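Heads up, query.cif below (mmCIF, C-alpha atoms):
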```cif
data_final
#
loop_
_atom_site.group_PDB
_atom_site.id
_atom_site.type_symbol
_atom_site.label_atom_id
_atom_site.label_comp_id
_atom_site.auth_asym_id
_atom_site.auth_seq_id
_atom_site.Cartn_x
_atom_site.Cartn_y
_atom_site.Cartn_z
ATOM 1 C CA MET D 1 3.400 -34.908 25.029
ATOM 2 C CA GLY D 2 0.160 -35.017 27.002
ATOM 3 C CA SER D 3 -2.767 -33.074 25.632
ATOM 4 C CA ASN D 4 -2.919 -30.873 28.737
ATOM 5 C CA LEU D 5 0.719 -29.881 28.407
ATOM 6 C CA GLN D 6 0.313 -29.340 24.668
ATOM 7 C CA SER D 7 -2.687 -27.129 25.251
ATOM 8 C CA LEU D 8 -0.881 -25.108 27.931
ATOM 9 C CA ILE D 9 2.096 -24.566 25.630
ATOM 10 C CA GLN D 10 -0.159 -23.539 22.756
ATOM 11 C CA ASN D 11 -1.930 -21.051 24.992
ATOM 12 C CA ALA D 12 1.397 -19.745 26.295
ATOM 13 C CA VAL D 13 2.723 -19.322 22.744
ATOM 14 C CA ALA D 14 -0.456 -17.408 21.939
ATOM 15 C CA GLY D 15 0.446 -15.011 24.741
ATOM 16 C CA GLU D 16 -1.662 -16.273 27.609
ATOM 17 C CA PRO D 17 0.088 -16.270 31.002
ATOM 18 C CA VAL D 18 1.105 -19.647 32.404
ATOM 19 C CA SER D 19 -0.758 -19.603 35.708
ATOM 20 C CA PRO D 20 -0.336 -22.137 38.511
ATOM 21 C CA ALA D 21 -4.106 -22.631 38.472
ATOM 22 C CA ALA D 22 -4.089 -23.592 34.800
ATOM 23 C CA VAL D 23 -1.186 -25.946 35.392
ATOM 24 C CA SER D 24 -2.808 -27.637 38.328
ATOM 25 C CA SER D 25 -6.181 -27.932 36.585
ATOM 26 C CA GLY D 26 -4.355 -29.611 33.733
ATOM 27 C CA GLY D 27 -2.981 -32.237 36.074
ATOM 28 C CA LEU D 28 0.566 -30.903 35.867
ATOM 29 C CA SER D 29 2.930 -29.784 38.567
ATOM 30 C CA GLU D 30 4.113 -26.215 39.195
ATOM 31 C CA SER D 31 7.659 -27.374 38.529
ATOM 32 C CA GLU D 32 6.704 -27.601 34.853
ATOM 33 C CA ILE D 33 5.821 -23.879 34.620
ATOM 34 C CA PRO D 34 9.387 -22.695 33.802
ATOM 35 C CA ALA D 35 9.704 -25.267 31.026
ATOM 36 C CA ILE D 36 6.383 -24.238 29.500
ATOM 37 C CA ALA D 37 7.285 -20.567 29.775
ATOM 38 C CA SER D 38 10.662 -21.226 28.193
ATOM 39 C CA ILE D 39 9.184 -23.095 25.224
ATOM 40 C CA ALA D 40 6.614 -20.342 24.777
ATOM 41 C CA ALA D 41 9.260 -17.615 24.929
ATOM 42 C CA GLU D 42 11.382 -19.381 22.325
ATOM 43 C CA ALA D 43 8.369 -19.812 20.041
ATOM 44 C CA THR D 44 7.532 -16.119 20.409
ATOM 45 C CA ALA D 45 11.099 -15.118 19.611
ATOM 46 C CA GLN D 46 11.108 -17.382 16.551
ATOM 47 C CA ARG D 47 7.863 -15.852 15.349
ATOM 48 C CA GLU D 48 9.279 -12.351 15.748
ATOM 49 C CA ARG D 49 12.471 -13.271 13.870
ATOM 50 C CA ARG D 50 10.490 -14.852 11.054
ATOM 51 C CA PHE D 51 8.264 -11.781 10.808
ATOM 52 C CA GLU D 52 11.249 -9.416 10.690
ATOM 53 C CA LEU D 53 12.889 -11.442 7.932
ATOM 54 C CA LEU D 54 9.673 -11.613 5.911
ATOM 55 C CA VAL D 55 9.217 -7.841 6.210
ATOM 56 C CA ILE D 56 12.707 -7.342 4.792
ATOM 57 C CA GLU D 57 12.015 -9.836 2.002
ATOM 58 C CA TRP D 58 8.727 -8.111 1.202
ATOM 59 C CA LYS D 59 10.360 -4.721 0.906
ATOM 60 C CA VAL D 60 13.025 -6.139 -1.402
ATOM 61 C CA GLN D 61 10.749 -8.268 -3.551
ATOM 62 C CA ARG D 62 7.658 -6.084 -3.923
ATOM 63 C CA ASN D 63 7.001 -4.130 -7.070
ATOM 64 C CA GLY D 64 7.827 -0.648 -5.867
ATOM 65 C CA TYR D 65 6.234 0.914 -8.928
ATOM 66 C CA SER D 66 2.765 -0.539 -8.466
ATOM 67 C CA SER D 67 0.001 1.750 -7.240
ATOM 68 C CA ASP D 68 -2.294 -1.168 -6.433
ATOM 69 C CA PRO D 69 -2.019 -2.421 -2.830
ATOM 70 C CA LEU D 70 -3.272 -5.813 -3.973
ATOM 71 C CA GLU D 71 -0.026 -6.296 -5.900
ATOM 72 C CA LEU D 72 1.984 -5.567 -2.779
ATOM 73 C CA ALA D 73 -0.219 -7.983 -0.851
ATOM 74 C CA MET D 74 0.206 -10.746 -3.424
ATOM 75 C CA CYS D 75 3.975 -10.679 -2.933
ATOM 76 C CA ILE D 76 5.012 -14.043 -1.466
ATOM 77 C CA PRO D 77 6.619 -12.764 1.775
ATOM 78 C CA TYR D 78 3.480 -10.711 2.497
ATOM 79 C CA GLN D 79 1.369 -13.817 1.915
ATOM 80 C CA LYS D 80 3.635 -15.774 4.257
ATOM 81 C CA ILE D 81 3.096 -13.118 6.917
ATOM 82 C CA ILE D 82 -0.673 -13.456 6.540
ATOM 83 C CA ALA D 83 -0.258 -17.240 6.719
ATOM 84 C CA MET D 84 1.357 -16.845 10.160
ATOM 85 C CA GLY D 85 -2.170 -16.224 11.389
ATOM 86 C CA PRO D 86 -3.762 -13.869 13.921
ATOM 87 C CA GLU D 87 -0.772 -14.189 16.275
ATOM 88 C CA VAL D 88 1.165 -11.921 13.903
ATOM 89 C CA VAL D 89 -1.312 -9.035 14.310
ATOM 90 C CA PRO D 90 0.561 -7.397 17.245
ATOM 91 C CA LEU D 91 3.803 -7.582 15.258
ATOM 92 C CA ILE D 92 2.200 -5.953 12.225
ATOM 93 C CA LEU D 93 0.700 -3.207 14.381
ATOM 94 C CA ARG D 94 4.076 -2.528 16.030
ATOM 95 C CA GLU D 95 5.688 -2.395 12.586
ATOM 96 C CA LEU D 96 2.926 -0.059 11.378
ATOM 97 C CA GLU D 97 3.602 2.203 14.348
ATOM 98 C CA LYS D 98 7.376 2.130 13.848
ATOM 99 C CA GLN D 99 7.443 2.489 10.073
ATOM 100 C CA PRO D 100 4.039 3.152 8.471
ATOM 101 C CA ASP D 101 3.536 1.096 5.340
ATOM 102 C CA HIS D 102 0.816 -0.702 3.455
ATOM 103 C CA TRP D 103 -0.250 -3.233 6.106
ATOM 104 C CA PHE D 104 -3.970 -2.464 5.780
ATOM 105 C CA TRP D 105 -4.687 -5.455 3.558
ATOM 106 C CA ALA D 106 -3.038 -7.946 5.940
ATOM 107 C CA LEU D 107 -4.721 -6.423 8.990
ATOM 108 C CA ASN D 108 -8.066 -6.519 7.248
ATOM 109 C CA MET D 109 -7.595 -10.188 6.282
ATOM 110 C CA LEU D 110 -6.299 -11.314 9.677
ATOM 111 C CA THR D 111 -8.765 -9.491 11.904
ATOM 112 C CA ASP D 112 -11.821 -9.317 9.667
ATOM 113 C CA SER D 113 -12.083 -5.714 10.838
ATOM 114 C CA ASN D 114 -11.969 -2.413 9.042
ATOM 115 C CA PRO D 115 -11.623 0.373 11.604
ATOM 116 C CA ILE D 116 -10.907 3.061 8.991
ATOM 117 C CA ALA D 117 -13.532 5.774 9.411
ATOM 118 C CA PRO D 118 -15.352 6.602 6.151
ATOM 119 C CA GLY D 119 -14.001 10.139 6.264
ATOM 120 C CA HIS D 120 -10.443 8.818 6.590
ATOM 121 C CA ARG D 121 -10.466 6.649 3.461
ATOM 122 C CA GLY D 122 -7.483 7.407 1.278
ATOM 123 C CA ASP D 123 -5.746 9.491 3.946
ATOM 124 C CA PHE D 124 -2.705 7.364 4.755
ATOM 125 C CA SER D 125 -1.780 8.900 8.111
ATOM 126 C CA LYS D 126 -5.380 8.757 9.360
ATOM 127 C CA MET D 127 -5.717 5.159 8.143
ATOM 128 C CA VAL D 128 -2.601 4.296 10.151
ATOM 129 C CA GLU D 129 -3.972 6.144 13.210
ATOM 130 C CA ASP D 130 -7.302 4.297 12.970
ATOM 131 C CA TRP D 131 -5.571 0.909 12.900
ATOM 132 C CA LEU D 132 -3.255 1.798 15.792
ATOM 133 C CA ARG D 133 -6.236 3.004 17.827
ATOM 134 C CA TRP D 134 -8.023 -0.265 17.029
ATOM 135 C CA GLY D 135 -4.899 -2.148 18.152
ATOM 136 C CA ARG D 136 -4.861 -0.328 21.488
ATOM 137 C CA GLU D 137 -8.585 -0.757 22.040
ATOM 138 C CA ASN D 138 -8.340 -4.483 21.361
ATOM 139 C CA GLY D 139 -5.291 -5.130 23.506
ATOM 140 C CA PHE D 140 -2.775 -5.681 20.694
ATOM 141 C CA LEU D 141 -0.765 -2.551 21.553
ATOM 142 C CA PRO D 142 -0.045 -0.886 24.901
ATOM 143 C CA ILE D 143 -2.361 2.022 25.665
ATOM 144 C CA MET S 1 23.958 9.242 -12.561
ATOM 145 C CA ASP S 2 22.550 9.471 -9.015
ATOM 146 C CA SER S 3 20.781 6.578 -7.312
ATOM 147 C CA PHE S 4 17.316 7.892 -8.226
ATOM 148 C CA GLN S 5 18.215 8.081 -11.905
ATOM 149 C CA PHE S 6 19.853 4.688 -11.757
ATOM 150 C CA ARG S 7 16.708 3.240 -10.188
ATOM 151 C CA VAL S 8 14.156 4.671 -12.634
ATOM 152 C CA ARG S 9 15.926 4.022 -15.911
ATOM 153 C CA VAL S 10 15.208 0.278 -15.962
ATOM 154 C CA PRO S 11 11.450 0.413 -15.283
ATOM 155 C CA PHE S 12 11.080 3.526 -17.469
ATOM 156 C CA PRO S 13 13.454 3.136 -20.415
ATOM 157 C CA ARG S 14 12.230 6.328 -22.123
ATOM 158 C CA LEU S 15 13.342 8.594 -19.304
ATOM 159 C CA ASN S 16 16.578 10.391 -20.072
ATOM 160 C CA ASP S 17 18.674 13.184 -18.590
ATOM 161 C CA SER S 18 16.605 15.966 -20.105
ATOM 162 C CA ASN S 19 12.949 14.867 -20.117
ATOM 163 C CA HIS S 20 12.049 14.648 -16.424
ATOM 164 C CA ARG S 21 12.937 15.691 -12.907
ATOM 165 C CA LYS S 22 12.327 14.287 -9.450
ATOM 166 C CA ALA S 23 9.707 16.488 -7.773
ATOM 167 C CA SER S 24 9.275 14.994 -4.295
ATOM 168 C CA SER S 25 10.813 12.599 -1.839
ATOM 169 C CA ALA S 26 9.611 8.997 -1.682
ATOM 170 C CA THR S 27 6.476 8.391 0.387
ATOM 171 C CA PRO S 28 3.922 5.598 0.859
ATOM 172 C CA SER S 29 1.162 8.057 1.704
ATOM 173 C CA TYR S 30 -0.471 8.516 -1.711
ATOM 174 C CA ASN S 31 -0.567 6.895 -5.124
ATOM 175 C CA CYS S 32 -0.691 7.971 -8.736
ATOM 176 C CA PHE S 33 -4.456 7.657 -9.030
ATOM 177 C CA GLY S 34 -5.180 9.999 -6.137
ATOM 178 C CA TRP S 35 -2.443 12.381 -7.251
ATOM 179 C CA ALA S 36 -3.642 12.490 -10.867
ATOM 180 C CA ILE S 37 -7.417 12.099 -10.717
ATOM 181 C CA ILE S 38 -8.277 13.776 -7.409
ATOM 182 C CA GLY S 39 -5.304 16.107 -7.564
ATOM 183 C CA ARG S 40 -4.010 15.721 -4.029
ATOM 184 C CA GLU S 41 -2.020 13.412 -1.782
ATOM 185 C CA VAL S 42 -4.518 10.585 -1.221
ATOM 186 C CA LEU S 43 -4.740 6.860 -1.871
ATOM 187 C CA MET S 44 -7.264 6.109 -4.590
ATOM 188 C CA GLY S 45 -8.309 2.777 -6.022
ATOM 189 C CA PRO S 46 -10.893 0.005 -5.850
ATOM 190 C CA ARG S 47 -9.411 -1.464 -2.658
ATOM 191 C CA PRO S 48 -10.572 -1.468 0.984
ATOM 192 C CA GLY S 49 -9.837 1.805 2.736
ATOM 193 C CA TYR S 50 -8.979 3.645 -0.473
ATOM 194 C CA LEU S 51 -11.018 6.451 -2.007
ATOM 195 C CA TRP S 52 -13.187 5.115 -4.802
ATOM 196 C CA PRO S 53 -16.576 6.376 -5.995
ATOM 197 C CA ASP S 54 -19.451 4.035 -5.168
ATOM 198 C CA VAL S 55 -20.727 4.210 -8.734
ATOM 199 C CA ALA S 56 -17.547 2.720 -10.212
ATOM 200 C CA PRO S 57 -16.995 -1.057 -10.345
ATOM 201 C CA ARG S 58 -14.357 -2.215 -7.891
ATOM 202 C CA ASP S 59 -11.749 -3.456 -10.346
ATOM 203 C CA MET S 60 -8.736 -2.113 -12.219
ATOM 204 C CA LYS S 61 -10.326 -2.099 -15.695
ATOM 205 C CA LEU S 62 -10.005 0.968 -17.876
ATOM 206 C CA SER S 63 -13.792 1.267 -18.103
ATOM 207 C CA SER S 64 -14.021 1.341 -14.280
ATOM 208 C CA PHE S 65 -11.401 4.078 -14.024
ATOM 209 C CA VAL S 66 -13.231 6.109 -16.660
ATOM 210 C CA VAL S 67 -16.383 5.896 -14.525
ATOM 211 C CA ALA S 68 -14.399 6.783 -11.378
ATOM 212 C CA ALA S 69 -12.746 9.761 -13.097
ATOM 213 C CA SER S 70 -16.108 10.949 -14.400
ATOM 214 C CA GLU S 71 -17.125 11.510 -10.771
ATOM 215 C CA PHE S 72 -14.394 14.168 -10.682
ATOM 216 C CA GLY S 73 -15.589 15.788 -13.898
ATOM 217 C CA TYR S 74 -13.330 14.016 -16.404
ATOM 218 C CA ALA S 75 -14.475 12.673 -19.747
ATOM 219 C CA PRO S 76 -12.464 10.831 -22.403
ATOM 220 C CA CYS S 77 -10.650 12.973 -24.980
ATOM 221 C CA GLU S 78 -8.380 12.304 -27.917
ATOM 222 C CA THR S 79 -5.006 13.822 -27.054
ATOM 223 C CA GLY S 80 -2.814 15.124 -24.295
ATOM 224 C CA ASN S 81 -2.239 18.447 -26.031
ATOM 225 C CA LEU S 82 -2.299 21.486 -23.759
ATOM 226 C CA ALA S 83 -5.528 23.458 -24.090
ATOM 227 C CA ASP S 84 -6.569 26.685 -22.378
ATOM 228 C CA GLY S 85 -9.021 26.175 -19.540
ATOM 229 C CA ILE S 86 -8.798 22.383 -19.720
ATOM 230 C CA GLU S 87 -7.240 19.989 -17.218
ATOM 231 C CA LYS S 88 -6.115 16.620 -18.509
ATOM 232 C CA ILE S 89 -5.106 13.283 -17.083
ATOM 233 C CA VAL S 90 -3.828 10.147 -18.757
ATOM 234 C CA LEU S 91 -4.280 6.482 -17.846
ATOM 235 C CA TYR S 92 -1.661 3.859 -18.686
ATOM 236 C CA GLY S 93 -1.651 0.086 -18.778
ATOM 237 C CA LEU S 94 0.059 -2.977 -20.132
ATOM 238 C CA THR S 95 -3.357 -4.357 -21.104
ATOM 239 C CA GLU S 96 -6.863 -3.079 -20.377
ATOM 240 C CA ARG S 97 -5.896 -3.046 -16.706
ATOM 241 C CA VAL S 98 -4.921 0.429 -15.495
ATOM 242 C CA ASP S 99 -1.437 0.520 -13.990
ATOM 243 C CA HIS S 100 -0.734 4.242 -13.775
ATOM 244 C CA ALA S 101 -2.152 7.742 -14.078
ATOM 245 C CA ALA S 102 -0.538 11.133 -14.629
ATOM 246 C CA ARG S 103 -1.881 14.700 -14.599
ATOM 247 C CA GLN S 104 -1.005 17.561 -16.911
ATOM 248 C CA LEU S 105 0.551 20.615 -15.307
ATOM 249 C CA PRO S 106 -0.403 24.160 -16.391
ATOM 250 C CA ASP S 107 2.800 24.446 -18.417
ATOM 251 C CA GLY S 108 2.008 21.317 -20.427
ATOM 252 C CA ARG S 109 4.372 18.950 -18.634
ATOM 253 C CA TRP S 110 3.000 16.016 -16.634
ATOM 254 C CA THR S 111 3.230 14.943 -13.009
ATOM 255 C CA SER S 112 3.391 11.282 -11.957
ATOM 256 C CA LYS S 113 3.536 9.691 -8.529
ATOM 257 C CA LEU S 114 5.534 6.514 -8.994
ATOM 258 C CA GLY S 115 3.976 3.561 -7.216
ATOM 259 C CA LEU S 116 2.834 3.346 -3.633
ATOM 260 C CA GLU S 117 6.231 4.071 -2.182
ATOM 261 C CA GLN S 118 8.286 6.129 -4.620
ATOM 262 C CA GLU S 119 8.728 9.764 -5.626
ATOM 263 C CA ASP S 120 6.776 12.151 -7.851
ATOM 264 C CA ILE S 121 8.378 13.038 -11.128
ATOM 265 C CA GLU S 122 7.566 15.744 -13.647
ATOM 266 C CA HIS S 123 7.992 14.593 -17.228
ATOM 267 C CA ASN S 124 7.808 16.471 -20.498
ATOM 268 C CA THR S 125 5.297 14.252 -22.271
ATOM 269 C CA PRO S 126 3.004 11.309 -21.446
ATOM 270 C CA ASP S 127 5.296 9.122 -23.522
ATOM 271 C CA CYS S 128 8.227 9.564 -21.111
ATOM 272 C CA VAL S 129 6.820 6.936 -18.711
ATOM 273 C CA SER S 130 5.501 4.664 -21.471
ATOM 274 C CA GLY S 131 7.291 1.597 -22.770
ATOM 275 C CA GLY S 132 8.145 0.206 -19.347
ATOM 276 C CA VAL S 133 6.350 -1.186 -16.334
ATOM 277 C CA TYR S 134 3.274 0.999 -16.917
ATOM 278 C CA GLY S 135 2.784 -0.087 -20.514
ATOM 279 C CA SER S 136 1.419 2.556 -22.832
ATOM 280 C CA VAL S 137 -1.231 5.270 -22.884
ATOM 281 C CA LEU S 138 -4.715 3.764 -22.684
ATOM 282 C CA GLN S 139 -6.850 6.894 -22.440
ATOM 283 C CA PHE S 140 -6.661 10.662 -22.101
ATOM 284 C CA LEU S 141 -9.403 12.401 -20.113
ATOM 285 C CA ALA S 142 -10.208 16.091 -19.771
ATOM 286 C CA ARG S 143 -12.363 18.437 -17.706
ATOM 287 C CA ILE S 144 -13.051 22.125 -17.559
ATOM 288 C CA GLN S 145 -10.500 23.773 -15.300
ATOM 289 C CA ALA S 146 -11.916 24.542 -11.878
ATOM 290 C CA THR S 147 -12.197 28.237 -11.095
ATOM 291 C CA PRO S 148 -9.496 29.102 -8.546
#
```
Would you put the structure from the file into structure tokens?
Amino acid sequence: MGSNLQSLIQNAVAGEPVSPAAVSSGGLSESEIPAIASIAAEATAQRERRFELLVIEWKVQRNGYSSDPLELAMCIPYQKIIAMGPEVVPLILRELEKQPDHWFWALNMLTDSNPIAPGHRGDFSKMVEDWLRWGRENGFLPI
Amino acid sequence: MDSFQFRVRVPFPRLNDSNHRKASSATPSYNCFGWAIIGREVLMGPRPGYLWPDVAPRDMKLSSFVVAASEFGYAPCETGNLADGIEKIVLYGLTERVDHAARQLPDGRWTSKLGLEQEDIEHNTPDCVSGGVYGSVLQFLARIQATP
């Protein structure tokens, strides 16, 4: 696979639109756009399936009696989610919005951000709101 | 035995039919430390985003929790016996690492939030949740009861 095509696919998998301009500047033809888009869509779907399965595994495997979020975060499926990299951030934020849970550690690790206002520390629903607001402001969630 | 009872008997082998009751539904929105030490539904601990006094070291050691609890007026004491005008909490652990906290109720029973995602229970004595995943009692702490 040529480096231009590889780069276009990587960008498409990361969520960037496959534009004719990018294709032509990469020395490729417009006829290759559907193939690139298809590969990217399949990769996105695979990532979403893997995330959903890992969330289920995490909820089954985690120590439900621990009060320390670090223990939940050290659970192998949670670590595997973090290892999926920054591309998993939108999926975590959507999951946080759908079913609030202890995703703060992963979000903190993956984004190097901590949008929780000092006055909201310890208040679960406000911590969730702060992260969802951050997600909207940074383009990870629809406004 | 209902599903709740079935679920808690393995991690807490000293719970039986007559020494505790479920007191809330399951929720991820607070933990035992906030529930016991601060006395309300908050997440407390030495982790990012959680409530934790600046003066306390950011680790799970008993000594760090004693410092953190002192910021809320608690000081170590010898027993969990009910005493007029005194509020007590208890810290548990398998080692010197704190794994759980419970707070004494005005009638002498104790209230525990189980984990980050489970229910509250009320139990007759501190010992009811010992001997399982939380280990044993590490330290009792007491403070003068706040004036209502």
>> Under the PyMOL selection byres ((chain D) within 6 of (chain S)), which residues of this model are included? Write them out as JSON, numbers by chain.
In response: {"D": [64, 65, 66, 67, 121, 122, 123, 124]}
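Of note, atom CA of Pro90 of chain D and atom CA of Ala21 of chain D are spaced 26.5 Å apart.
Surrounding segment 35-39 of chain D within 9 Å are Leu5, Leu8, Ile9, Ala12, Val13, Pro17, Val18, Ser31, Glu32, Glu42, Ala43 and Thr44 of chain D, with only C-alpha atoms counted and residues fewer than 3 positions along the same chain left out.
Residues matching the PyMOL selection byres ((chain S and resi 135-144) around 7) in this structure come to Gly73, Tyr74, Ala75, Pro76, Cys77, Glu78, Thr79, Gly80, Gly85, Ile86, Glu87, Lys88, Ile89, Val90, Leu91, Tyr92, Gly93, Leu94, Ser130, Gly131, Gly132, Val133, Tyr134, Gln145 and Ala146 of chain S.
Separating atom CA of Ala73 of chain D from atom CA of Ala106 of chain D is a distance of 7.4 Å.
Taking atom CA of Asp17 of chain S and atom CA of Asp2 of chain S as the two end points, the separation is 11.0 Å.
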>> Under the PyMOL selection byres ((chain S and resi 68) around 10), which residues of this model are included? Write them out as a PyMOL selection string.
In response: chain S and resi 37+44-46+51-58+62-67+69-74
For the selection you just gave me, I'd like the residues written to a file as a PDB file, in the coordinates of the input, keeping C-alpha atoms.
```
ATOM      1  CA  ILE S  37      -7.417  12.099 -10.717  1.00  0.00           C
ATOM      2  CA  MET S  44      -7.264   6.109  -4.590  1.00  0.00           C
ATOM      3  CA  GLY S  45      -8.309   2.777  -6.022  1.00  0.00           C
ATOM      4  CA  PRO S  46     -10.893   0.005  -5.850  1.00  0.00           C
ATOM      5  CA  LEU S  51     -11.018   6.451  -2.007  1.00  0.00           C
ATOM      6  CA  TRP S  52     -13.187   5.115  -4.802  1.00  0.00           C
ATOM      7  CA  PRO S  53     -16.576   6.376  -5.995  1.00  0.00           C
ATOM      8  CA  ASP S  54     -19.451   4.035  -5.168  1.00  0.00           C
ATOM      9  CA  VAL S  55     -20.727   4.210  -8.734  1.00  0.00           C
ATOM     10  CA  ALA S  56     -17.547   2.720 -10.212  1.00  0.00           C
ATOM     11  CA  PRO S  57     -16.995  -1.057 -10.345  1.00  0.00           C
ATOM     12  CA  ARG S  58     -14.357  -2.215  -7.891  1.00  0.00           C
ATOM     13  CA  LEU S  62     -10.005   0.968 -17.876  1.00  0.00           C
ATOM     14  CA  SER S  63     -13.792   1.267 -18.103  1.00  0.00           C
ATOM     15  CA  SER S  64     -14.021   1.341 -14.280  1.00  0.00           C
ATOM     16  CA  PHE S  65     -11.401   4.078 -14.024  1.00  0.00           C
ATOM     17  CA  VAL S  66     -13.231   6.109 -16.660  1.00  0.00           C
ATOM     18  CA  VAL S  67     -16.383   5.896 -14.525  1.00  0.00           C
ATOM     19  CA  ALA S  69     -12.746   9.761 -13.097  1.00  0.00           C
ATOM     20  CA  SER S  70     -16.108  10.949 -14.400  1.00  0.00           C
ATOM     21  CA  GLU S  71     -17.125  11.510 -10.771  1.00  0.00           C
ATOM     22  CA  PHE S  72     -14.394  14.168 -10.682  1.00  0.00           C
ATOM     23  CA  GLY S  73     -15.589  15.788 -13.898  1.00  0.00           C
ATOM     24  CA  TYR S  74     -13.330  14.016 -16.404  1.00  0.00           C
TER      25      TYR S  74
END
```
>> For a quick check of understanding, using all atoms listed in the file, which of S:Phe4, S:Phe12, S:Asn124, S:Gln104 has the smallest distance to Ala26 of chain S?
In response: S:Phe4
